[in-house]
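As stored in entry_21.cif (mmCIF, C-alpha atoms):
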data_entry
#
loop_
_atom_site.label_atom_id
_atom_site.label_comp_id
_atom_site.auth_asym_id
_atom_site.auth_seq_id
_atom_site.Cartn_x
_atom_site.Cartn_y
_atom_site.Cartn_z
CA MET B 159 206.19 108.52 54.23
CA ALA B 160 209.78 107.90 53.18
CA LEU B 161 211.76 104.87 54.28
CA ARG B 162 214.88 105.62 56.29
CA ARG B 163 217.90 103.53 55.30
CA SER B 164 219.81 102.72 58.48
CA ARG B 165 223.03 101.72 56.72
CA ARG B 166 224.57 101.15 53.33
CA GLY B 167 224.97 97.64 52.05
CA PRO B 168 222.76 94.75 51.01
CA ARG B 169 219.14 94.83 52.15
CA GLY B 170 217.93 91.70 53.87
CA ALA B 171 214.56 90.07 53.25
CA ALA B 172 213.09 91.51 56.46
CA GLU B 173 214.02 95.07 55.46
CA ARG B 174 212.60 94.61 51.94
CA VAL B 175 209.30 93.19 53.22
CA ALA B 176 209.00 95.98 55.80
CA GLY B 177 209.54 98.49 53.02
CA LEU B 178 206.86 96.92 50.84
CA MET B 179 204.36 97.13 53.71
CA VAL B 180 204.80 100.92 53.52
CA MET B 181 205.18 101.28 49.76
CA LEU B 182 202.23 99.20 48.58
CA PRO B 183 199.44 101.11 50.38
CA TRP B 184 201.08 104.37 49.27
CA LEU B 185 201.16 103.13 45.67
CA VAL B 186 197.63 101.67 45.68
CA GLU B 187 196.30 105.05 46.79
CA ARG B 188 197.97 106.80 43.82
CA LYS B 189 197.47 104.03 41.20
CA ARG B 190 200.28 105.20 38.87
CA VAL B 191 203.57 106.91 39.82
CA LYS B 192 206.77 107.69 37.91
CA LEU B 193 209.50 105.19 38.73
CA SER B 194 212.04 107.92 39.46
CA ASP B 195 209.61 109.75 41.79
CA MET B 196 208.81 106.61 43.77
CA ALA B 197 212.49 105.66 44.06
CA LYS B 198 213.24 109.15 45.38
CA GLN B 199 210.28 109.02 47.80
CA PHE B 200 211.51 105.81 49.43
CA LYS B 201 215.26 106.53 49.12
CA LEU B 202 215.98 103.55 46.86
CA SER B 203 217.76 103.24 43.55
CA GLU B 204 215.51 102.51 40.58
CA ALA B 205 217.11 99.06 40.27
CA GLU B 206 216.34 98.28 43.92
CA LEU B 207 212.77 99.50 43.53
CA ILE B 208 212.24 97.31 40.44
CA ASP B 209 213.60 94.31 42.36
CA ASP B 210 211.11 94.93 45.18
CA ILE B 211 208.21 95.38 42.75
CA MET B 212 209.09 92.09 41.02
CA MET B 213 209.12 90.38 44.42
CA ALA B 214 205.75 91.90 45.37
CA SER B 215 204.16 90.89 42.07
CA VAL B 216 204.51 87.18 42.88
CA CYS B 217 203.13 87.52 46.41
CA GLY B 218 199.54 86.87 47.32
CA VAL B 219 197.22 84.53 49.17
CA PRO B 220 196.09 80.95 48.49
CA PRO B 221 195.26 79.61 45.94
CA TYR B 222 197.72 82.10 44.34
CA SER B 223 195.60 82.51 41.24
CA PRO B 224 196.02 85.77 39.25
CA ASP B 225 193.19 87.48 41.13
CA ALA B 226 194.86 86.64 44.47
CA LEU B 227 198.27 88.13 43.62
CA ILE B 228 199.38 91.71 44.23
CA ASP B 229 198.80 93.50 40.94
CA VAL B 230 201.79 95.81 40.65
CA PHE B 231 204.14 96.23 37.70
CA VAL B 232 206.46 98.63 35.86
CA ASP B 233 205.09 100.13 32.63
CA GLU B 234 207.97 101.87 30.84
CA ASP B 235 208.98 104.59 33.33
CA GLU B 236 205.95 104.28 35.62
CA VAL B 237 204.94 101.99 38.47
CA VAL B 238 201.31 100.87 38.21
CA ALA B 239 199.16 99.27 40.90
CA GLU B 240 195.64 97.91 40.56
CA VAL B 241 193.63 97.26 43.70
CA PRO B 242 193.59 93.46 44.14
CA LEU B 243 190.74 91.62 45.81
CA MET B 244 192.82 90.99 48.93
CA PHE B 245 193.01 94.75 49.60
CA SER B 246 189.33 95.44 48.95
CA ARG B 247 187.71 92.79 51.12
CA PRO B 248 187.53 92.96 54.93
CA LEU B 249 190.26 91.12 56.80
CA GLN B 250 188.85 88.00 58.45
CA LEU B 251 191.01 85.78 60.61
CA ASN B 252 190.23 82.28 61.73
CA SER B 253 191.09 81.11 65.24
CA ALA B 254 194.41 79.57 64.15
CA GLU B 255 195.50 82.82 62.49
CA VAL B 256 194.53 84.85 65.55
CA PHE B 257 196.51 82.48 67.75
CA ALA B 258 199.57 82.63 65.43
CA LEU B 259 199.50 86.44 65.27
CA THR B 260 199.22 86.67 69.04
CA VAL B 261 202.17 84.33 69.59
CA MET B 262 204.36 86.19 67.09
CA GLY B 263 203.33 89.55 68.48
CA LYS B 264 204.05 88.57 72.07
CA ALA B 265 207.39 87.10 71.03
CA ALA B 266 208.29 90.38 69.30
CA LEU B 267 207.41 92.34 72.44
CA ARG B 268 209.83 90.18 74.45
CA LEU B 269 212.75 91.08 72.18
CA PRO B 270 215.33 93.53 73.58
CA GLY B 271 214.44 97.13 72.77
CA ALA B 272 210.79 96.42 71.93
CA ASN B 273 208.32 99.21 72.68
CA LYS B 274 206.06 97.67 75.34
CA SER B 275 203.36 100.31 74.83
CA GLY B 276 203.70 100.94 71.09
CA PRO B 277 201.46 100.05 68.11
CA LEU B 278 202.17 96.32 68.38
CA ALA B 279 201.02 96.23 72.00
CA THR B 280 197.85 98.11 71.01
CA ALA B 281 197.16 95.63 68.20
CA LEU B 282 197.56 92.68 70.59
CA LYS B 283 194.97 94.22 72.91
CA LYS B 284 192.52 94.33 70.00
CA LEU B 285 193.18 90.65 69.26
CA ARG B 286 192.64 89.59 72.87
CA PRO B 287 188.80 89.32 72.69
CA LEU B 288 189.14 87.01 69.66
CA LEU B 289 191.13 84.36 71.52
CA PRO B 290 189.26 81.17 72.50
CA THR B 291 189.22 81.92 76.25
CA ASP B 292 191.33 84.80 77.53
CA ASP B 293 194.72 86.34 76.97
CA GLN B 294 196.40 83.98 79.42
CA VAL B 295 195.94 81.10 76.97
CA VAL B 296 199.07 82.40 75.18
CA GLU B 297 202.30 82.65 77.15
CA VAL B 298 205.57 83.36 75.35
CA ASP B 299 208.85 82.74 77.15
CA LEU B 300 211.90 83.63 75.05
CA LYS B 301 215.32 82.53 76.20
CA PRO B 302 217.31 85.69 76.91
CA VAL B 303 220.49 86.25 74.90
CA THR B 304 223.38 86.30 77.35
CA TYR B 305 225.55 89.43 77.17
CA LEU B 306 223.23 91.19 74.70
CA GLU B 307 222.47 94.10 77.03
CA ASP B 308 226.11 94.28 78.19
CA LEU B 309 227.28 94.76 74.61
CA ARG B 310 224.53 97.25 73.83
CA ASN B 311 225.57 99.30 76.84
CA ALA B 312 229.22 99.12 75.73
CA VAL B 313 228.62 100.72 72.31
CA LEU B 314 228.01 104.33 73.33
CA PRO B 315 230.99 104.80 75.70
CA GLY B 316 233.31 102.76 73.45
CA ALA B 317 234.08 100.30 76.24
CA HIS B 318 236.82 97.69 75.74
CA VAL B 319 235.40 94.21 76.33
CA LEU B 320 237.39 91.01 76.89
CA ILE B 321 235.51 88.01 75.47
CA THR B 322 236.00 84.28 75.12
CA TYR B 323 234.61 83.34 71.71
CA PHE B 324 233.78 79.87 70.39
CA THR B 325 234.17 79.19 66.66
CA PRO B 326 232.17 76.06 65.63
CA ALA B 327 234.00 75.60 62.31
CA SER B 328 237.32 74.97 64.08
CA ALA B 329 235.91 74.00 67.50
CA LEU B 330 238.37 76.47 69.03
CA ARG B 331 238.01 79.10 71.72
CA SER B 332 239.87 82.38 71.60
CA GLU B 333 240.30 85.34 73.92
CA ARG B 334 240.21 88.78 72.36
CA THR B 335 239.48 92.35 73.30
CA ILE B 336 236.82 94.08 71.23
CA ILE B 337 235.29 97.54 71.05
CA ALA B 338 231.60 97.15 70.24
CA ARG B 339 230.45 99.51 67.46
CA SER B 340 226.92 98.26 66.82
CA VAL B 341 224.57 95.45 67.90
CA PHE B 342 222.03 94.05 65.45
CA GLU B 343 219.82 91.06 64.65
CA ARG B 344 220.12 89.07 61.41
CA GLY B 345 218.56 85.75 60.46
CA GLY B 346 217.27 85.07 63.95
CA HIS B 347 220.62 85.65 65.68
CA TRP B 348 222.13 88.66 67.46
CA TYR B 349 225.54 89.98 66.38
CA VAL B 350 227.99 92.60 67.57
CA SER B 351 230.09 94.48 65.03
CA ALA B 352 233.33 95.37 66.79
CA ASP B 353 236.96 96.41 66.44
CA ASP B 354 238.91 93.22 67.10
CA ASP B 355 242.40 93.41 68.59
CA LYS B 356 243.27 89.88 67.44
CA SER B 357 242.78 90.53 63.72
CA GLY B 358 243.11 94.32 63.76
CA GLU B 359 239.91 94.55 61.71
CA LEU B 360 236.21 95.28 62.11
CA ARG B 361 234.57 91.88 62.69
CA GLU B 362 231.12 90.49 63.40
CA PHE B 363 230.63 88.10 66.32
CA ARG B 364 227.52 86.03 67.04
CA ILE B 365 226.61 86.94 70.59
CA ASP B 366 225.34 83.49 71.57
CA ARG B 367 228.86 82.15 70.84
CA ILE B 368 230.44 84.46 73.41
CA GLU B 369 231.10 82.25 76.45
CA LYS B 370 232.67 84.83 78.78
CA LEU B 371 232.61 88.62 78.87
CA ALA B 372 234.30 91.17 81.09
CA LEU B 373 234.83 94.92 80.88
CA THR B 374 238.52 95.88 80.96
CA GLY B 375 237.87 99.39 82.26
CA ASP B 376 239.39 101.00 79.15
CA PHE B 377 237.43 103.20 76.76
CA THR B 378 237.84 104.57 73.26
CA ALA B 379 235.48 107.51 72.92
CA PRO B 380 233.33 107.26 69.76
CA ASP B 381 234.38 109.70 67.05
CA SER B 382 233.42 110.35 63.44
CA SER B 383 235.25 107.23 62.28
CA ALA B 384 233.30 105.11 64.77
CA LYS B 385 230.08 106.54 63.40
CA ARG B 386 231.11 105.62 59.87
CA ILE B 387 231.81 102.07 61.04
CA ALA B 388 228.31 101.84 62.49
CA ASP B 389 226.55 102.91 59.30
CA GLY B 390 228.82 101.00 56.93
CA ASN B 391 230.53 103.93 55.18
CA ALA B 392 233.98 103.06 56.51
CA TRP B 393 233.84 99.80 54.54
CA PHE B 394 234.02 101.86 51.35
CA GLU B 395 236.29 104.67 52.58
CA ASN B 396 239.03 102.47 54.03
CA ALA B 397 239.04 99.71 51.40
CA ALA B 398 242.12 99.53 49.18
CA LEU B 399 240.56 97.65 46.28
CA HIS B 400 237.36 97.86 44.24
CA VAL B 401 236.21 94.77 42.34
CA THR B 402 233.31 93.96 40.03
CA LEU B 403 231.88 90.46 40.41
CA ARG B 404 229.32 88.36 38.59
CA VAL B 405 227.33 86.57 41.29
CA GLU B 406 225.19 83.59 40.28
CA PRO B 407 221.92 82.81 42.09
CA SER B 408 223.66 79.94 43.90
CA ALA B 409 225.92 82.48 45.62
CA ARG B 410 223.27 85.09 46.35
CA TRP B 411 224.47 85.13 49.97
CA VAL B 412 227.47 87.20 48.83
CA VAL B 413 225.23 90.11 47.83
CA GLU B 414 223.13 89.76 50.97
CA SER B 415 226.07 89.47 53.39
CA TYR B 416 228.46 92.24 52.34
CA PRO B 417 228.09 95.96 51.56
CA TYR B 418 228.31 96.88 47.89
CA MET B 419 228.78 100.09 45.95
CA SER B 420 226.52 99.21 43.03
CA ARG B 421 224.36 96.28 41.93
CA GLU B 422 222.59 95.31 38.71
CA VAL B 423 220.49 92.20 38.16
CA SER B 424 221.03 90.59 34.74
CA SER B 425 218.36 88.93 32.63
CA ASP B 426 219.88 85.49 33.34
CA GLY B 427 219.35 85.93 37.08
CA SER B 428 222.96 86.70 37.95
CA THR B 429 223.95 89.92 39.72
CA ILE B 430 226.74 92.28 38.69
CA VAL B 431 228.01 93.86 41.88
CA THR B 432 230.85 96.29 42.61
CA MET B 433 232.35 95.88 46.07
CA ALA B 434 235.11 97.48 48.09
CA VAL B 435 237.46 94.93 49.66
CA GLY B 436 240.40 95.31 51.99
CA ASN B 437 242.91 93.14 50.13
CA GLU B 438 243.36 90.26 47.68
CA HIS B 439 243.65 87.71 50.50
CA TRP B 440 240.13 88.51 51.73
CA LEU B 441 238.77 88.34 48.19
CA SER B 442 240.49 85.00 47.50
CA ARG B 443 238.85 83.50 50.61
CA LEU B 444 235.47 84.76 49.41
CA LEU B 445 236.02 83.21 45.97
CA LEU B 446 236.97 79.87 47.51
CA ARG B 447 233.78 79.86 49.59
CA ALA B 448 231.61 80.79 46.62
CA GLY B 449 233.19 78.32 44.19
CA THR B 450 231.84 78.69 40.65
CA GLY B 451 229.08 80.99 41.92
CA VAL B 452 231.26 84.13 41.76
CA LYS B 453 233.50 85.35 38.92
CA VAL B 454 235.77 88.42 38.96
CA LEU B 455 235.08 90.74 36.03
CA GLU B 456 237.24 93.71 37.04
CA PRO B 457 240.12 94.33 37.54
CA ARG B 458 241.35 92.01 34.81
CA GLU B 459 244.52 91.04 36.70
CA LEU B 460 242.35 89.39 39.37
CA GLN B 461 240.12 87.39 37.05
CA ASP B 462 242.10 84.22 37.81
CA LEU B 463 242.45 84.91 41.54
CA GLY B 464 239.99 82.17 42.47
CA LYS B 465 241.92 79.58 40.43
CA ARG B 466 245.22 80.68 41.93
CA ALA B 467 243.82 80.46 45.45
CA ALA B 468 242.39 76.99 44.79
CA ALA B 469 245.73 75.83 43.36
CA GLN B 470 247.54 77.02 46.49
CA VAL B 471 245.12 75.12 48.71
CA LEU B 472 245.53 71.93 46.64
CA LYS B 473 249.31 72.30 46.74
CA ARG B 474 249.24 72.61 50.50
CA TYR B 475 247.31 69.35 50.91
CA ALA B 476 249.05 67.44 48.10
#

In structure tokens, write the structure found in this file.
Amino acid sequence: MALRRSRRGPRGAAERVAGLMVMLPWLVERKRVKLSDMAKQFKLSEAELIDDIMMASVCGVPPYSPDALIDVFVDEDEVVAEVPLMFSRPLQLNSAEVFALTVMGKAALRLPGANKSGPLATALKKLRPLLPTDDQVVEVDLKPVTYLEDLRNAVLPGAHVLITYFTPASALRSERTIIARSVFERGGHWYVSADDDKSGELREFRIDRIEKLALTGDFTAPDSSAKRIADGNAWFENAALHVTLRVEPSARWVVESYPYMSREVSSDGSTIVTMAVGNEHWLSRLLLRAGTGVKVLEPRELQDLGKRAAAQVLKRYA
């Protein structure tokens, strides 16, 4: 079974873990597979696959002794997996674990778009007899996300939406008209990626910070460019500048937050990443946020951009 990449750009922790849940059983069954073949099977680059294998190799169960860790590693050009004890013994859950799984499962079923009769619902039915009394002992009530369904319904027709948006950093509210392109969850919050009339750019807005929402009655029918926006390709096609950055572990959020064209993890833990950016102003703001955690390697004429931006800020407040 191959993994389907929904969009280009950095892979979050949830996506990587979900991928490992598919890859590890596949690998354990085969014991030894060529690195290039496995990368092709799961539609990853070899560097991304090695990163995931390194992450899996330090995962396990208490007490995290060598025999309780996932035994997977790269041997020259092959990926090797030995069957660890955790995969060979029957799964036994105590009452606390059953309760925790039931709560998390029921919470997941309450999320927008969840399949109420899918595999998760079937698994919860199998857990029901293991609960202390009956299924009613666990009740999950998630607070609905206001405007989530409205924005989801606005994506397909390309509806223009007037919103009042609150920005905590400045404690300001702004009115703007957006065209929702995609709705997604990240880090426990729901976001809408939308064309923003105020900035003239594609922006991400946290949905729980939208205080008012109204349809204007105007529509922009989705076209091929809108599709590229949804899957991330437009970020690369429309960008005017390509830069290569050295990202230290302290600024790892840069790699995880923005799409990149290539990435390579160095032996010192830093990441060499090539990104497409719209202009120098956007890049200078990124460098100010990252501080010493990000350094421009290419192009050479921008290697001092961070220092120049910092000097301008200091001059303004001097």

* B:Arg447: which residues within 10 Å, counting only C-alpha atoms, same-chain residues fewer than 4 positions away excluded, as a ChimeraX atom specification? -> /B:409,412,441-443,451-452,464

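Separating atom CA of B:Val413 from atom CA of B:Val238 is a distance of 27.9 Å.
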
* To do: Excluding B:Val454 and residues on its chain fewer than 5 positions from it, collect all residues at most 10 Å away from it, counting all atoms listed in the file, and give them as number ranges by chain.
  => B: 401-405, 430-432, 441, 445, 459-464

Hey, can you spit out that residue selection with C-alpha atoms as an mmCIF file, keeping the file's coordinate frame?
data_model
loop_
_atom_site.group_PDB
_atom_site.id
_atom_site.type_symbol
_atom_site.label_atom_id
_atom_site.label_comp_id
_atom_site.auth_asym_id
_atom_site.auth_seq_id
_atom_site.Cartn_x
_atom_site.Cartn_y
_atom_site.Cartn_z
ATOM 1 C CA VAL B 401 236.210 94.770 42.340
ATOM 2 C CA THR B 402 233.310 93.960 40.030
ATOM 3 C CA LEU B 403 231.880 90.460 40.410
ATOM 4 C CA ARG B 404 229.320 88.360 38.590
ATOM 5 C CA VAL B 405 227.330 86.570 41.290
ATOM 6 C CA ILE B 430 226.740 92.280 38.690
ATOM 7 C CA VAL B 431 228.010 93.860 41.880
ATOM 8 C CA THR B 432 230.850 96.290 42.610
ATOM 9 C CA LEU B 441 238.770 88.340 48.190
ATOM 10 C CA LEU B 445 236.020 83.210 45.970
ATOM 11 C CA GLU B 459 244.520 91.040 36.700
ATOM 12 C CA LEU B 460 242.350 89.390 39.370
ATOM 13 C CA GLN B 461 240.120 87.390 37.050
ATOM 14 C CA ASP B 462 242.100 84.220 37.810
ATOM 15 C CA LEU B 463 242.450 84.910 41.540
ATOM 16 C CA GLY B 464 239.990 82.170 42.470
#

* To do: For stretch 256-259 of chain B, list every protein, DNA or RNA residue within 9 Å, evaluated using only C-alpha atoms, and leave out those in the same chain fewer than 3 positions away; present the list as number ranges by chain.
  => B: 251-253, 262-264, 282, 285-286, 288-290, 296

What does the file look like for those residues with C-alpha atoms, as a PDB file, keeping the file's coordinate frame?
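Resulting contents of result-v8.pdb:
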ATOM      1  CA  LEU B 251     191.010  85.780  60.610  1.00  0.00           C
ATOM      2  CA  ASN B 252     190.230  82.280  61.730  1.00  0.00           C
ATOM      3  CA  SER B 253     191.090  81.110  65.240  1.00  0.00           C
ATOM      4  CA  MET B 262     204.360  86.190  67.090  1.00  0.00           C
ATOM      5  CA  GLY B 263     203.330  89.550  68.480  1.00  0.00           C
ATOM      6  CA  LYS B 264     204.050  88.570  72.070  1.00  0.00           C
ATOM      7  CA  LEU B 282     197.560  92.680  70.590  1.00  0.00           C
ATOM      8  CA  LEU B 285     193.180  90.650  69.260  1.00  0.00           C
ATOM      9  CA  ARG B 286     192.640  89.590  72.870  1.00  0.00           C
ATOM     10  CA  LEU B 288     189.140  87.010  69.660  1.00  0.00           C
ATOM     11  CA  LEU B 289     191.130  84.360  71.520  1.00  0.00           C
ATOM     12  CA  PRO B 290     189.260  81.170  72.500  1.00  0.00           C
ATOM     13  CA  VAL B 296     199.070  82.400  75.180  1.00  0.00           C
TER      14      VAL B 296
END

* Considering all atoms listed in the file, return as number ranges by chain whatever protein or nucleic-acid residues lie within 12 Å of B:Leu309, sequence-local ones (same chain, fewer than 2 positions apart) excluded. => B: 303-307, 311-321, 336-342, 348-352, 363-366, 368, 371-373

* Show which residues sit within 12 Å of B:Arg169, as a VMD selection string. Count all atoms listed in the file, and ignore same-chain residues fewer than 2 positions away. => chain B and resid 163 to 167 171 to 177 202 206 to 207 209 to 210 344 411 to 418 421

Those same residues, written as a compact mmCIF listing (two decimals), in the coordinates of the input with C-alpha atoms?
# COMPACT_ATOMS: atom_id res chain seq x y z
CA ARG B 163 217.90 103.53 55.30
CA SER B 164 219.81 102.72 58.48
CA ARG B 165 223.03 101.72 56.72
CA ARG B 166 224.57 101.15 53.33
CA GLY B 167 224.97 97.64 52.05
CA ALA B 171 214.56 90.07 53.25
CA ALA B 172 213.09 91.51 56.46
CA GLU B 173 214.02 95.07 55.46
CA ARG B 174 212.60 94.61 51.94
CA VAL B 175 209.30 93.19 53.22
CA ALA B 176 209.00 95.98 55.80
CA GLY B 177 209.54 98.49 53.02
CA LEU B 202 215.98 103.55 46.86
CA GLU B 206 216.34 98.28 43.92
CA LEU B 207 212.77 99.50 43.53
CA ASP B 209 213.60 94.31 42.36
CA ASP B 210 211.11 94.93 45.18
CA ARG B 344 220.12 89.07 61.41
CA TRP B 411 224.47 85.13 49.97
CA VAL B 412 227.47 87.20 48.83
CA VAL B 413 225.23 90.11 47.83
CA GLU B 414 223.13 89.76 50.97
CA SER B 415 226.07 89.47 53.39
CA TYR B 416 228.46 92.24 52.34
CA PRO B 417 228.09 95.96 51.56
CA TYR B 418 228.31 96.88 47.89
CA ARG B 421 224.36 96.28 41.93

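This file, queried with the PyMOL selection byres ((chain B and resi 229) around 6), gives the residues B:Ile228, B:Val230, B:Ala239, B:Glu240.
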
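The two atoms in question, atom CA of B:Phe324 and atom CA of B:Ser408, are spaced 28.4 Å apart.
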
* Restricting the calculation to only C-alpha atoms, which member of B:Thr322, B:Gly427, B:Arg331, B:Gly346 is positioned closest to B:Ala266? -> B:Gly346

Can you give me, as a compact mmCIF listing (two decimals) with C-alpha atoms, in the frame of the given file, the residues this file yields under the PyMOL selection byres ((chain B and resi 235) around 8)?
# COMPACT_ATOMS: atom_id res chain seq x y z
CA LYS B 192 206.77 107.69 37.91
CA LEU B 193 209.50 105.19 38.73
CA SER B 194 212.04 107.92 39.46
CA VAL B 232 206.46 98.63 35.86
CA ASP B 233 205.09 100.13 32.63
CA GLU B 234 207.97 101.87 30.84
CA GLU B 236 205.95 104.28 35.62
CA VAL B 237 204.94 101.99 38.47

* Structure fact -> Taken to one decimal, the atom CA of B:Pro183-atom CA of B:Pro277 distance is 17.9 Å

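With distances taken over all atoms listed in the file, B:Ala205 is the one residue among B:Ala205, B:Ile211, B:Leu444, B:Ala327 lying closest to B:Thr429.
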